[in-house]
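Undergrad: My file is data07.cif. It has mmCIF, C-alpha atoms:
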```cif
data_final
loop_
_atom_site.label_atom_id
_atom_site.label_comp_id
_atom_site.auth_asym_id
_atom_site.auth_seq_id
_atom_site.Cartn_x
_atom_site.Cartn_y
_atom_site.Cartn_z
CA MET A 1 -13.47 1.36 -3.25
CA MET A 2 -15.58 -0.79 -5.60
CA PRO A 3 -18.21 0.91 -7.73
CA MET A 4 -21.77 0.39 -6.53
CA ASN A 5 -23.99 -1.79 -8.70
CA GLU A 6 -27.29 -0.40 -10.02
CA TYR A 7 -29.43 -2.36 -7.55
CA CYS A 8 -27.49 -1.06 -4.55
CA ARG A 9 -27.48 2.47 -5.93
CA GLY A 10 -31.26 2.36 -6.40
CA ALA A 11 -31.79 0.98 -2.90
CA LEU A 12 -29.56 3.69 -1.44
CA GLU A 13 -31.48 6.42 -3.29
CA ALA A 14 -34.80 4.98 -2.12
CA LEU A 15 -33.68 4.84 1.49
CA GLY A 16 -32.43 8.42 1.26
CA TRP A 17 -35.83 9.49 -0.08
CA VAL A 18 -37.61 7.75 2.82
CA LEU A 19 -35.31 9.49 5.31
CA GLU A 20 -36.14 12.85 3.69
CA LEU A 21 -39.87 12.05 4.00
CA LEU A 22 -39.46 11.14 7.68
CA ASP A 23 -37.52 14.34 8.40
CA ALA A 24 -40.14 16.47 6.63
CA ALA A 25 -42.98 14.71 8.47
CA GLU A 26 -41.27 15.29 11.80
CA GLU A 27 -40.71 18.99 11.06
CA SER A 28 -44.28 19.56 9.89
CA GLY A 29 -45.97 17.38 12.52
CA LYS A 30 -47.74 15.33 9.82
CA GLY A 31 -46.64 12.01 11.25
CA ILE A 32 -45.97 8.55 9.98
CA GLU A 33 -49.33 8.16 8.23
CA GLU A 34 -48.38 10.88 5.73
CA VAL A 35 -45.06 9.16 5.05
CA ARG A 36 -46.88 5.85 4.56
CA ARG A 37 -49.30 7.52 2.12
CA GLN A 38 -46.46 9.05 0.08
CA VAL A 39 -44.52 5.78 -0.09
CA LYS A 40 -47.64 3.84 -1.17
CA ALA A 41 -48.39 6.46 -3.84
CA MET A 42 -44.85 6.18 -5.20
CA ILE A 43 -45.04 2.37 -5.25
CA GLU A 44 -48.30 2.61 -7.21
CA GLU A 45 -46.73 4.97 -9.75
CA MET A 46 -43.82 2.58 -10.25
CA VAL A 47 -46.13 -0.42 -10.63
CA ARG A 48 -48.11 1.45 -13.30
CA GLY A 49 -44.87 2.02 -15.20
CA SER A 50 -44.56 5.75 -14.77
CA GLY A 51 -41.28 5.44 -12.90
CA ALA A 52 -39.15 6.78 -15.78
CA SER A 53 -39.26 10.37 -14.54
CA LEU A 54 -39.58 9.33 -10.90
CA PRO A 55 -36.29 10.75 -9.59
CA SER A 56 -37.00 14.24 -10.90
CA ARG A 57 -40.53 14.26 -9.48
CA VAL A 58 -39.45 13.28 -5.98
CA GLY A 59 -36.32 15.40 -5.96
CA VAL A 60 -33.79 12.59 -5.80
CA VAL A 61 -30.29 13.57 -6.89
CA LEU A 62 -28.92 10.78 -9.03
CA HIS A 63 -25.35 9.52 -8.99
CA GLY A 64 -23.10 12.16 -10.48
CA GLY A 65 -25.33 15.06 -9.42
CA ARG A 66 -27.82 14.71 -12.31
CA ARG A 67 -31.53 15.22 -11.65
#
```
Now, as a test, write the supplied structure out as structure tokens.
TA:
Amino acid sequence: MMPMNEYCRGALEALGWVLELLDAAEESGKGIEEVRRQVKAMIEEMVRGSGASLPSRVGVVLHGGRR
């Protein structure tokens, strides 16, 4: 199996995070508007350049099990 490039790895992590948000919203009954709010807030943080510590703040487990 070929190693995943950084772009694909990042996209996979982002999609996993969105799935976690959707699962949590479904369990809590918050709905899609809460998920939309959280995604927009994360996009804004990344645009402002504060994405360096992003994975640890959102609980994403990076490749190799590091946080």
Undergrad: Any idea what the distance is between CA of Arg48 (chain A) and CA of Glu20 (chain A)?
TA: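 That distance, rounded to one decimal, is 23.7 Å.
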Undergrad: Of the candidates A:Met1, A:Glu13, A:Tyr7, A:Ala24, which shows the shortest atom-to-atom distance to Gln38 (chain A), using all atoms listed in the file?
TA: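 Smallest separation from Gln38 (chain A) among the options: A:Ala24.
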Undergrad: Quick check, in Å to one decimal: how far apart do CA of Glu45 (chain A) and CA of Leu15 (chain A) lie?
TA: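 Here the two named atoms are 17.2 Å from each other.
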Undergrad: With the PyMOL selection byres ((chain A and resi 18) around 12) as the selection, what would be picked from this file? Answer as a list in words, please.
TA: Ala11, Leu12, Glu13, Ala14, Leu15, Gly16, Trp17, Leu19, Glu20, Leu21, Leu22, Asp23, Ala24, Ala25, Ile32, Glu34, Val35, Arg36, Arg37, Gln38, Val39, Lys40, Met42, Val58, Gly59 and Val60 of chain A
Undergrad: What separation in Å, quoted to one decimal, exists between CA of Gly10 (chain A) and CA of Ile43 (chain A)?
TA: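 These two atoms are separated by 13.8 Å.
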Undergrad: All heavy atoms are what I want for region 4-15 of chain A; can you complete it accordingly and write them as a short mmCIF file (atom, residue, chain, number, x, y, z; two decimals), keeping the file's coordinate frame?
TA:
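Now in selection.cif:
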```cif
data_model
loop_
_atom_site.label_atom_id
_atom_site.label_comp_id
_atom_site.auth_asym_id
_atom_site.auth_seq_id
_atom_site.Cartn_x
_atom_site.Cartn_y
_atom_site.Cartn_z
N MET A 4 -20.51 0.95 -6.99
CA MET A 4 -21.77 0.39 -6.53
C MET A 4 -22.59 -0.11 -7.72
O MET A 4 -22.67 0.57 -8.74
CB MET A 4 -22.54 1.51 -5.81
CG MET A 4 -23.64 1.03 -4.93
SD MET A 4 -24.49 2.39 -4.07
CE MET A 4 -23.16 3.11 -3.14
N ASN A 5 -23.17 -1.31 -7.60
CA ASN A 5 -23.99 -1.79 -8.70
C ASN A 5 -25.33 -1.04 -8.73
O ASN A 5 -25.69 -0.34 -7.78
CB ASN A 5 -24.18 -3.31 -8.65
CG ASN A 5 -25.04 -3.78 -7.49
OD1 ASN A 5 -26.01 -3.14 -7.10
ND2 ASN A 5 -24.69 -4.92 -6.93
N GLU A 6 -26.05 -1.16 -9.82
CA GLU A 6 -27.29 -0.40 -10.02
C GLU A 6 -28.34 -0.71 -8.96
O GLU A 6 -29.06 0.17 -8.51
CB GLU A 6 -27.87 -0.67 -11.41
CG GLU A 6 -27.03 -0.09 -12.54
CD GLU A 6 -26.96 1.42 -12.48
OE1 GLU A 6 -27.99 2.08 -12.26
OE2 GLU A 6 -25.84 1.95 -12.66
N TYR A 7 -28.44 -1.98 -8.56
CA TYR A 7 -29.43 -2.36 -7.55
C TYR A 7 -29.13 -1.66 -6.23
O TYR A 7 -30.01 -1.08 -5.61
CB TYR A 7 -29.43 -3.88 -7.37
CG TYR A 7 -30.39 -4.34 -6.31
CD1 TYR A 7 -31.75 -4.45 -6.58
CD2 TYR A 7 -29.95 -4.63 -5.02
CE1 TYR A 7 -32.64 -4.85 -5.60
CE2 TYR A 7 -30.83 -5.02 -4.04
CZ TYR A 7 -32.18 -5.13 -4.34
OH TYR A 7 -33.05 -5.52 -3.36
N CYS A 8 -27.87 -1.71 -5.81
CA CYS A 8 -27.49 -1.06 -4.55
C CYS A 8 -27.67 0.44 -4.63
O CYS A 8 -28.12 1.08 -3.68
CB CYS A 8 -26.04 -1.40 -4.20
SG CYS A 8 -25.80 -3.10 -3.68
N ARG A 9 -27.31 1.03 -5.75
CA ARG A 9 -27.48 2.47 -5.93
C ARG A 9 -28.96 2.86 -5.82
O ARG A 9 -29.32 3.84 -5.17
CB ARG A 9 -26.91 2.91 -7.28
CG ARG A 9 -26.90 4.42 -7.44
CD ARG A 9 -26.26 4.86 -8.73
NE ARG A 9 -24.88 4.38 -8.78
CZ ARG A 9 -24.30 3.89 -9.86
NH1 ARG A 9 -24.96 3.81 -11.00
NH2 ARG A 9 -23.06 3.48 -9.83
N GLY A 10 -29.82 2.09 -6.46
CA GLY A 10 -31.26 2.36 -6.40
C GLY A 10 -31.80 2.22 -4.99
O GLY A 10 -32.61 3.04 -4.54
N ALA A 11 -31.35 1.19 -4.28
CA ALA A 11 -31.79 0.98 -2.90
C ALA A 11 -31.32 2.13 -2.02
O ALA A 11 -32.08 2.64 -1.18
CB ALA A 11 -31.28 -0.35 -2.37
N LEU A 12 -30.10 2.57 -2.21
CA LEU A 12 -29.56 3.69 -1.44
C LEU A 12 -30.35 4.98 -1.70
O LEU A 12 -30.69 5.72 -0.77
CB LEU A 12 -28.09 3.89 -1.77
CG LEU A 12 -27.35 4.95 -0.99
CD1 LEU A 12 -27.38 4.64 0.50
CD2 LEU A 12 -25.92 5.06 -1.48
N GLU A 13 -30.68 5.24 -2.96
CA GLU A 13 -31.48 6.42 -3.29
C GLU A 13 -32.86 6.35 -2.68
O GLU A 13 -33.38 7.34 -2.16
CB GLU A 13 -31.56 6.58 -4.81
CG GLU A 13 -30.25 6.99 -5.44
CD GLU A 13 -30.27 6.96 -6.95
OE1 GLU A 13 -31.30 6.58 -7.55
OE2 GLU A 13 -29.25 7.33 -7.55
N ALA A 14 -33.47 5.15 -2.71
CA ALA A 14 -34.80 4.98 -2.12
C ALA A 14 -34.78 5.20 -0.62
O ALA A 14 -35.66 5.87 -0.06
CB ALA A 14 -35.35 3.59 -2.45
N LEU A 15 -33.79 4.66 0.04
CA LEU A 15 -33.68 4.84 1.49
C LEU A 15 -33.44 6.30 1.85
O LEU A 15 -34.00 6.82 2.83
CB LEU A 15 -32.58 3.95 2.06
CG LEU A 15 -32.87 2.46 2.04
CD1 LEU A 15 -31.63 1.67 2.40
CD2 LEU A 15 -34.03 2.12 2.97
#
```
